[in-house]
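Worksheet: the structure to be examined is printed underneath.
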Amino acid sequence: MSHLRFHDTHFSPQQLLLQRLNAQARITALPGGVWRLLVSHRPEDHDKGSWAIPDDRRQPLALSAPNHSGGRIALAHPEPAAADAGDNSLLLNPSPFAWHWQGLISLGLTAEPVRSLLQAVPRQIEEASAHQFEGHPVREQLDGLSLGAGLRLDLLLEPEDRFYGLGERTGFLNKRGRRWHNWTTDEFFHGPKTDPLYQAHPFVILARDNQYLGLYLDESWYSCFDLGWTEADQWSIHTAGPTLDLYLIPGPDPADIVQRYTDLVGCAPLPPLWALGQHQCRWSYPDQESVSAVAAGYRAHDLPIDALWLDIDHMESYKVFSFSTRRFPDPIGLTRGLAQQGIKSVLIVDPGVKQEAGYGVYESGKAIDAFVHNTRDEELVGEVWPKPVVWPDFTQPAVRQWWGQLQQFYLDQGIAGIWNDMNEPAAFGWPNKTLPLDARQGHWTHAEVHNLYGTLMAEASYSGLKALQPDKRPFVLTRAGSPGVQRYAFVWTGDNASYWEHLEMSIPMLLNLGLSGVPFVGADIGGFSSDCDGELLAAWSWLGACYPFMRNHAGKGSRRQEPWQFGEPWLGSIREALHFRYRLLPWLYTLAEAACRDGLPIMRPLLLQYPHDPEVADISDQFLLGSDLLAAPITRPGQRRRLLYLPAGEWFDFWSGARFAGEQWHQIPASWRQLPLFQRGGAAIPLQPEAPAHTTDAHWPRICWQLAPAPEITGRLYSDAGDGFGPSQNLPFSARLQPGQSGQPGQLALDFDGGGREVHLRLLGHGLSASEHVWEAAVTQKQQCFEIPPEN
């Protein structure tokens with residue numbers, strides 16, 4: 001291993017170049033106080049592009065001339081940092097190359113041989129792929145340059161440093177002490193130590209003292225973040241490729257970092273309202289009669305639902321863009337029947353295309369040379385569900401357009417949404433469970449673009465749906481993905497199991513995905529594999545009612561787990577959870593619209609809102625919905641009580657209205673019967689007074705504002721048609737509360753426009769007797785001031 005040393009310095013108003021033979025470092029300043037450091041070996045990489053960041057989002061800013069002192073170079077960022085963000089200047093040492101930024105100290109950049117790097121790769125990748133990295137394909141890709149076999153950046157690790165983000169990961173919220181691999185992987189069963197999984201997000205938020213910093217590695221090659229696993233006083237970033245493209249994102253708080261990061265890689269688009277409803281799936285409902293029976297079960301048991309899903313057994317011989325003529329002979333009749341009940345139809349679309357003469361999808365793809373090639377420049381042939389199978393090369397724009405146009409087949413059959421699965425890409429029969437690393441994808445080997453496959457497939461699906469139905473918002477769900485996937489798809493956490501441990505682990509998995517810029521996320525409610533039971537399903541349904549994406553899904557060989565399968569008392573609790581979800585939709589939809597503008601997640605760790613409260617740094621079993629609701633689900637069978645931490649301010653039990661002090665731990669009753677949920681004092685939450693059987697539009701003709709007391713109470717309601725791109729409204733709500741003195745009534749004065757809606761109020765913490773903590777009233781258009789009962 002050799003440390004990179006640069007000997008020549010060249011400055012221009014928009015960049016600083018450090019150069020040596022066969023290597024270059026380019027430093028630029030970007031909007032938002034962001035620094036970009038690009039280290040490259042090959043001349044063609046000196047102006048490296050990005051798969052994740054559109055070029056117009058990373059235009060460099062003009063730099064002032066650097067200061068030189070003792071061989072070091074100091075660069076001042078042209079955008080002033082926030083007052084509490086610290087000095088945002090970048091101090092560079094050219095030889096050996098190192099830098100210092102906001103207290104973060106790099107210890108050096110090392111050119112690392114591939115075999116050394118592969119010691120960090122999970123075994124299933126290493127065994128199948130080490131020879132490929134060391135062999136001809138990678139040497140050819142790197143032009144045989146001696147320093148083009150991987151790079152490692154080492155950084156100083158402080159004793160109290162904590163790490164968040166990195167996308168979908170097992171374990172607890174704080175990711176310190178492990179080595180995390182960025183390599184999208186089909187992992188059928190995962191435990192608390194399993195890594196990697198289906199998503200690859202090389203983005204991390206570092207918490208140090210009261211400061212937060214973001215680092216994003218914009219590389220599609222395999223990479224690894226060693227967060228104190230190898231060395232107790234050092235953390236490192238490894239990449240197998242010939243470049244290290246690093247973005248330094250200032251805080252001071254994690255919310256600032258997430259917003260700046262999503263300003264780079266993009267925010268999610270607003271989904272249709274029905275995507276936030278209840279979804280039901282199983283691998284597989286064997287025929288269309290069984291699908292209709294599930295819909296009837298939901299309606300018979302007074303359970304709201306918005307979508308039913310078809311897994312792979314709907315296809316003819318596992319051929320995508322087909323229906324089995326025996327089991328699903330009338331798909332349009334099925335989807336129309338469901339639509340009459342307000343239920344959308346979604347189905348699975350894998351990337352593997354059966355290589356079969358006369359099969360229209362294969363023939364049309366072959367005609368445009370759409371498929372991945374092997375080293376002999378022939379179609380790469382393998383096996384997934386169909387056999388033999390070929391894989392579309394989604395790195396090619398023409399292939400993405402071709403795949404997008406194929407979605408017309410499903411639209412003609414009444415399908416409303418697309419589920420992209422097996423897109424790591426997964427493969428059967430090969431020891432590394434994916435395509436050979438020397439497979440050819442346009443100008444690239446699969447080694448370089450493997451992690452992009454899921455995102456590019458989602459882009460093709462999303463763009464196709466949008467082009468074919470320009471008046472509707474596309475809905476796509478993906479299993480695999482990388483930075484920027486949120487621009488095209490929802491994400492779920494893949495094949496979990498019916499274990500309480502997986503219920504608990506879903507919380508930090510989804511929270512870290514949200515911190516990584518992906519707001520619309522969920523886990524299979526009830527668990528995909530193994531056997532669920534009534535208590536687990538009830539508890540998970542309450543938790544899932546707070547997931548941004550809510551879907552009950554189970555696999556073949558497992559017990560059926562539709563909500564009624566275990567009878568009472570579990571069914572009653574699940575029904576209440578689903579009704580709660582649908583009553584909460586005005587608030588969730590309002591949060592969804594905000595997430596699409598500012599990049600902040602819907603489901604949030606407490607540290608996002610309270611970054612300087614040391615008590616919340618490692619809380620993995622509580623979370624916020626937006627800034628105003630705090631959920632504390634149960635995570636164990638037979639649980640009847642739990643510890644709960646409430647941050648600063650006053651908090652109110654969402655159900656009873658009871659008052660709780662903040663910055664304290666509380667022991668509270670908790671069970672599968674109802675989710676412990678708390679509302680922040682001063683927050684107004686818009687609810688539907690009753691749960692509908694399914695969503696319609698988001699005009700919300702009837703709204704109940706639930707108010708948590710404070711002198712000033714504020715909230716917001718987003719309203720539109722629930723789909724399409726027509727007019728919308730952001731309706732603010734505010735009220736002033738003056739409590740009564742000595743047991744006397746108080747005053748509640750409203751300041752909002754109900755927009756012609758039927759409006760109800762529900763004020764927590766006030767009641768007509770000592771045992772009551774909720775006051776309710778209907779609002780007329782003329783009445784804006786109310787006499788309220790005393791606090792209790």
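Simple scheme: letters A, B, ... for chains in structure tokens order, numbers from 1 for residues in each chain, numbers from 1 for ligands in the order shown.
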A:Gly599 environment, 12 Å, only C-alpha atoms, sequence neighbours closer than 5 positions dropped, as an MDAnalysis selection string: chainID A and resid 254:270 484 486:487 513:520 591:594 604 626
Excluding A:Glu356 and residues on its chain fewer than 5 positions from it, collect all residues at most 12 Å away from it, counting only C-alpha atoms, and give them as an NGL selection string. :A and (317-319 or 361-366 or 381 or 386-390)
Counting only C-alpha atoms, what is within 8 Å of A:Asp621, bar same-chain residues fewer than 4 positions away, as a list of chain:residue names? A:Glu504, A:Ile507, A:Pro508, A:Ala632, A:Pro633, A:Thr635
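Of the residues in stretch 528-576 of chain A, those given alpha helix (DSSP H) by DSSP on the backbone are Gly534, Glu535, Leu536, Leu537, Ala538, Ala539, Trp540, Ser541, Trp542, Leu543, Gly544, Trp570, Leu571, Gly572, Ser573, Ile574, Arg575 and Glu576 of chain A.
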Atom-to-atom span, atom CA of A:Phe409 and atom CA of A:Pro470, Å: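 These two atoms are separated by 16.3 Å.
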